[in-house]
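Structure first, commentary second.
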Amino acid sequence: MNGKHQTKTAILSVSERGALLGQRIKSLVAPHADCYEKSNRTSGGEAIYFDSLKNHIEQIFRDYDQVLCIMALGIVVRMIAPYIEHKSKDPAIVVMDEAGHHVISLLSGHLGGANEWTQAISLAIGADPVITTATDVNGLPAPDVLARHEHLLVDDFQTLINVNSAIVGGKQVDYCIDSGLIDADHLKHAAQQHIGNHSVVHLVTVEELFDSVNGVNFRVVITDKVIPEHPNQLILRPRTYTVGIGCRRDTPKELILGAIRSSLAEHQLSPKSIVTAASVIVKQDEVGLLEAVKVLGWPIVFYTQDEMAPLIEEQKLSESTFVKGTIGVGNVCETTALLAARSRTLIQHKTVYPKTTIAIAQVTSR
């Protein structure tokens, strides 16, 4: 689905031997990685040089998705400790010795992909992988690994802990895939491949999810719909829709938030399943709009009138004479929602709220 990006990788070293090993790993498994090398202990290859890594580690921690540190484990722990936030935000941190004997998955093993990266590096250079997460050492399938592979968001991390504990404890954890999802069959296959013979995968309706929640033992549900919560039910959210937003100048964020929330509620959509919000370029400095999407934690993209006009014509979208006279195109919410979704399917056509219009588009491309 939309929302994928190129994984940003950094390889850090503090010795010449480590720098040479870093360049080797880059050539084998991370061709787009940035190598950071101590200025007086370099490999001779392409690299970013530093005098003190301590001065750069905070920015590296923020900017990269995965970081390989070729140095002593204790050094790494002390450096990154002040910047660790949460498994949903932290990058994958992998540590290895400069001789290349051991590769250690240190941080963000599942969601960040550190465990898989550890395995990949170890296989490439013949090192011993060191992975300590309970599901992995017991050879059990963790749902957050599936979430990473399929670009799903974990709805609640406490239920993730509960479900993973149940898996480690030998309990059966079934998977339920919302049959209404555009990618339901693909997700069912991916889940079945992931769990193997450890559990069962079901295609179910949203109504069945509502009806069965009270009697649930442990399960993983993949859906973009708002359903009843349960401490034994982990919900994984696929990115399935975009929201196009039009508004009058100086519309307060409260009105925009109210319009968005009413639209999502009408279709039972979780705000965590959005790919992006969208609007016309003339709204890129609209304070209320920017504040509203910030409250929701959503990204937003803006399209020019030249990008919008051909789609309006192609789809014969209805236009407001007033809006067209003001900004050059007469349909903002439907057009920008469809452009952002790269589809031609609207879940919600233009719906008018006080000073705001909302449309929702279905993302159909994987």
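As shown in the structure tokens, the chain order sets the letters A, B, ...; within each chain, residues go from 1, and ligands are also counted from 1 in the order they appear.
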Write out as a PDB file with N, CA and C atoms, in the first residue's frame which residues come within 7 Å of Ser15 (chain A) when counting only C-alpha atoms, dropping same-chain ones fewer than 3 positions away.
ATOM      1  N   GLY A  18      37.002  -1.606  11.996  1.00  0.00           N
ATOM      2  CA  GLY A  18      35.549  -1.512  11.953  1.00  0.00           C
ATOM      3  C   GLY A  18      35.053  -0.784  10.720  1.00  0.00           C
ATOM      4  N   ALA A  19      35.800   0.249  10.287  1.00  0.00           N
ATOM      5  CA  ALA A  19      35.423   1.003   9.093  1.00  0.00           C
ATOM      6  C   ALA A  19      35.495   0.117   7.853  1.00  0.00           C
ATOM      7  N   LYS A  38      35.347   7.480  11.948  1.00  0.00           N
ATOM      8  CA  LYS A  38      36.165   8.413  12.718  1.00  0.00           C
ATOM      9  C   LYS A  38      37.242   8.986  11.788  1.00  0.00           C
ATOM     10  N   ARG A  41      40.533   7.304  11.523  1.00  0.00           N
ATOM     11  CA  ARG A  41      40.504   5.839  11.449  1.00  0.00           C
ATOM     12  C   ARG A  41      39.546   5.415  10.343  1.00  0.00           C
TER      13      ARG A  41
END
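When the distance limit is 9 Å and only C-alpha atoms are what count, the residues near Ala92 (chain A), minus those fewer than 5 positions from it on the same chain, are Tyr64, Asp65, Gln66, Val67, Leu68, Ser105, Leu106, Leu107, Ser108, Gly109, His110, Leu111, Gly112, Gly113, Ala114, Asn115 and Trp117 of chain A.
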Near-Val173 (chain A) list (8 Å; only C-alpha atoms; drop same-chain fewer than 4 positions) as a PyMOL selection string: chain A and resi 163+166-167+199-200+217-220
Which of region 108-167 of chain A counts as helix (DSSP H, G or I) under DSSP, as a PyMOL selection string please? chain A and resi 114-125+134-137+143-149+157-167
Please list as number ranges by chain every residue within 12 Å of Ala292 (chain A), counting only C-alpha atoms and excluding residues in the same chain fewer than 3 positions away. A: 245, 247, 251-261, 277, 286-289, 295-300
Could you save the residues just selected, with N, CA, C and O atoms, as a compact mmCIF listing (two decimals), in the first residue's frame?
# COMPACT_ATOMS: atom_id res chain seq x y z
N ILE A 245 -9.64 17.53 2.05
CA ILE A 245 -10.25 18.56 2.90
C ILE A 245 -10.28 19.90 2.18
O ILE A 245 -9.25 20.38 1.68
N CYS A 247 -11.73 23.94 2.85
CA CYS A 247 -12.25 24.81 3.93
C CYS A 247 -12.16 26.27 3.52
O CYS A 247 -11.34 26.64 2.68
N THR A 251 -10.88 29.11 8.77
CA THR A 251 -11.76 28.17 9.49
C THR A 251 -11.01 27.62 10.71
O THR A 251 -9.88 27.15 10.57
N PRO A 252 -11.60 27.67 11.90
CA PRO A 252 -10.90 27.19 13.10
C PRO A 252 -10.71 25.67 13.07
O PRO A 252 -11.51 24.94 12.46
N LYS A 253 -9.67 25.22 13.72
CA LYS A 253 -9.34 23.79 13.71
C LYS A 253 -10.48 22.94 14.27
O LYS A 253 -10.68 21.80 13.86
N GLU A 254 -11.23 23.49 15.23
CA GLU A 254 -12.31 22.72 15.85
C GLU A 254 -13.37 22.30 14.84
O GLU A 254 -13.88 21.18 14.88
N LEU A 255 -13.70 23.22 13.91
CA LEU A 255 -14.69 22.87 12.88
C LEU A 255 -14.15 21.82 11.92
O LEU A 255 -14.86 20.90 11.51
N ILE A 256 -12.87 21.94 11.56
CA ILE A 256 -12.26 20.97 10.65
C ILE A 256 -12.16 19.61 11.32
O ILE A 256 -12.48 18.57 10.72
N LEU A 257 -11.74 19.58 12.58
CA LEU A 257 -11.66 18.32 13.32
C LEU A 257 -13.04 17.67 13.44
O LEU A 257 -13.19 16.46 13.28
N GLY A 258 -14.04 18.50 13.72
CA GLY A 258 -15.40 17.96 13.84
C GLY A 258 -15.87 17.33 12.54
O GLY A 258 -16.49 16.26 12.54
N ALA A 259 -15.57 17.98 11.42
CA ALA A 259 -15.98 17.46 10.11
C ALA A 259 -15.25 16.15 9.80
O ALA A 259 -15.86 15.18 9.32
N ILE A 260 -13.95 16.10 10.08
CA ILE A 260 -13.18 14.88 9.83
C ILE A 260 -13.70 13.73 10.68
O ILE A 260 -13.94 12.62 10.19
N ARG A 261 -13.89 13.99 11.96
CA ARG A 261 -14.31 12.92 12.88
C ARG A 261 -15.72 12.43 12.55
O ARG A 261 -16.00 11.23 12.65
N ALA A 277 -3.75 13.02 4.62
CA ALA A 277 -4.78 14.01 4.30
C ALA A 277 -4.29 14.79 3.08
O ALA A 277 -3.12 14.73 2.72
N GLU A 286 -2.89 27.45 5.74
CA GLU A 286 -4.15 27.59 6.48
C GLU A 286 -3.97 27.06 7.89
O GLU A 286 -3.86 25.85 8.12
N VAL A 287 -3.95 27.94 8.86
CA VAL A 287 -3.58 27.59 10.23
C VAL A 287 -4.49 26.54 10.84
O VAL A 287 -4.05 25.55 11.42
N GLY A 288 -5.80 26.72 10.70
CA GLY A 288 -6.75 25.76 11.29
C GLY A 288 -6.59 24.38 10.71
O GLY A 288 -6.67 23.37 11.42
N LEU A 289 -6.36 24.31 9.41
CA LEU A 289 -6.17 23.01 8.74
C LEU A 289 -4.90 22.34 9.22
O LEU A 289 -4.90 21.14 9.56
N VAL A 295 -3.16 17.66 15.30
CA VAL A 295 -3.85 17.03 16.42
C VAL A 295 -4.06 15.54 16.14
O VAL A 295 -3.88 14.69 17.02
N LEU A 296 -4.42 15.21 14.91
CA LEU A 296 -4.67 13.82 14.53
C LEU A 296 -3.38 13.03 14.29
O LEU A 296 -3.42 11.80 14.18
N GLY A 297 -2.26 13.73 14.18
CA GLY A 297 -0.99 13.06 13.90
C GLY A 297 -0.88 12.61 12.46
O GLY A 297 -0.16 11.67 12.14
N TRP A 298 -1.59 13.29 11.56
CA TRP A 298 -1.64 12.91 10.15
C TRP A 298 -0.66 13.73 9.32
O TRP A 298 -0.47 14.93 9.56
N PRO A 299 -0.07 13.13 8.28
CA PRO A 299 0.62 13.93 7.27
C PRO A 299 -0.41 14.58 6.36
O PRO A 299 -1.58 14.17 6.33
N ILE A 300 0.01 15.58 5.62
CA ILE A 300 -0.90 16.20 4.65
C ILE A 300 -0.10 16.60 3.42
O ILE A 300 1.06 17.03 3.53
Write out as a CSV table (one decimal) with all heavy atoms, in the first residue's frame which residues come within 9 Å of Ser263 (chain A) when counting only C-alpha atoms, dropping same-chain ones fewer than 5 positions away.
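Dumped everything to selection_20.csv:
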chain,number,residue,atom,x,y,z
A,258,GLY,N,-14.0,18.5,13.7
A,258,GLY,CA,-15.4,18.0,13.8
A,258,GLY,C,-15.9,17.3,12.5
A,258,GLY,O,-16.5,16.3,12.5
A,268,GLN,N,-17.1,4.2,10.1
A,268,GLN,CA,-16.4,3.4,11.1
A,268,GLN,C,-14.9,3.3,10.9
A,268,GLN,O,-14.3,2.3,11.3
A,268,GLN,CB,-17.0,2.0,11.1
A,268,GLN,CG,-18.5,1.9,11.6
A,268,GLN,CD,-19.0,0.4,11.5
A,268,GLN,OE1,-19.5,-0.1,10.5
A,268,GLN,NE2,-18.8,-0.3,12.7
A,269,LEU,N,-14.3,4.3,10.3
A,269,LEU,CA,-12.9,4.2,9.9
A,269,LEU,C,-12.0,4.6,11.1
A,269,LEU,O,-12.3,5.7,11.7
A,269,LEU,CB,-12.6,5.1,8.7
A,269,LEU,CG,-13.1,4.5,7.4
A,269,LEU,CD1,-13.0,5.6,6.3
A,269,LEU,CD2,-12.4,3.3,7.0
A,348,GLN,N,-16.4,8.2,0.4
A,348,GLN,CA,-17.3,9.3,0.8
A,348,GLN,C,-17.2,10.4,-0.3
A,348,GLN,O,-16.1,11.0,-0.4
A,348,GLN,CB,-17.1,9.9,2.2
A,348,GLN,CG,-18.0,11.1,2.5
A,348,GLN,CD,-17.8,11.5,3.9
A,348,GLN,OE1,-18.2,10.8,4.9
A,348,GLN,NE2,-17.2,12.7,4.1
A,351,THR,N,-18.8,16.0,1.1
A,351,THR,CA,-19.8,16.2,2.2
A,351,THR,C,-19.6,17.5,2.8
A,351,THR,O,-18.5,17.8,3.2
A,351,THR,CB,-19.8,15.0,3.2
A,351,THR,OG1,-19.9,13.8,2.6
A,351,THR,CG2,-20.8,15.2,4.3
A,358,ILE,N,-15.5,17.5,3.1
A,358,ILE,CA,-14.6,16.3,3.3
A,358,ILE,C,-15.0,15.3,2.3
A,358,ILE,O,-16.2,15.0,2.0
A,358,ILE,CB,-14.9,15.7,4.7
A,358,ILE,CG1,-14.5,16.7,5.8
A,358,ILE,CG2,-14.0,14.4,4.9
A,358,ILE,CD1,-13.1,17.1,6.0
A,359,ALA,N,-14.0,14.6,1.7
A,359,ALA,CA,-14.2,13.4,0.9
A,359,ALA,C,-13.2,12.4,1.3
A,359,ALA,O,-12.1,12.7,1.8
A,359,ALA,CB,-14.0,13.8,-0.6
A,360,ILE,N,-13.5,11.1,1.2
A,360,ILE,CA,-12.6,10.0,1.5
A,360,ILE,C,-12.4,9.1,0.3
A,360,ILE,O,-13.4,8.7,-0.3
A,360,ILE,CB,-13.2,9.2,2.7
A,360,ILE,CG1,-13.4,10.1,3.9
A,360,ILE,CG2,-12.2,8.1,3.1
A,360,ILE,CD1,-14.1,9.4,5.1
Applying 9 Å and only C-alpha atoms, which residues near region 46-57 of chain A remain after dropping the ones on its own chain fewer than 5 positions away? List them as a ChimeraX atom specification. /A:12-14,23,34-40,62,79-80
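In this structure, CA of Asp178 (chain A) sits 5.3 Å away from CA of Val204 (chain A).
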Per-residue DSSP, region 57-252 of chain A, filtered to strand (DSSP E or B), as a PyMOL selection string: chain A and resi 66-70+92-96+102-107+128-130+153-154+174-178+201-204+219-222+225+233-237+241-247
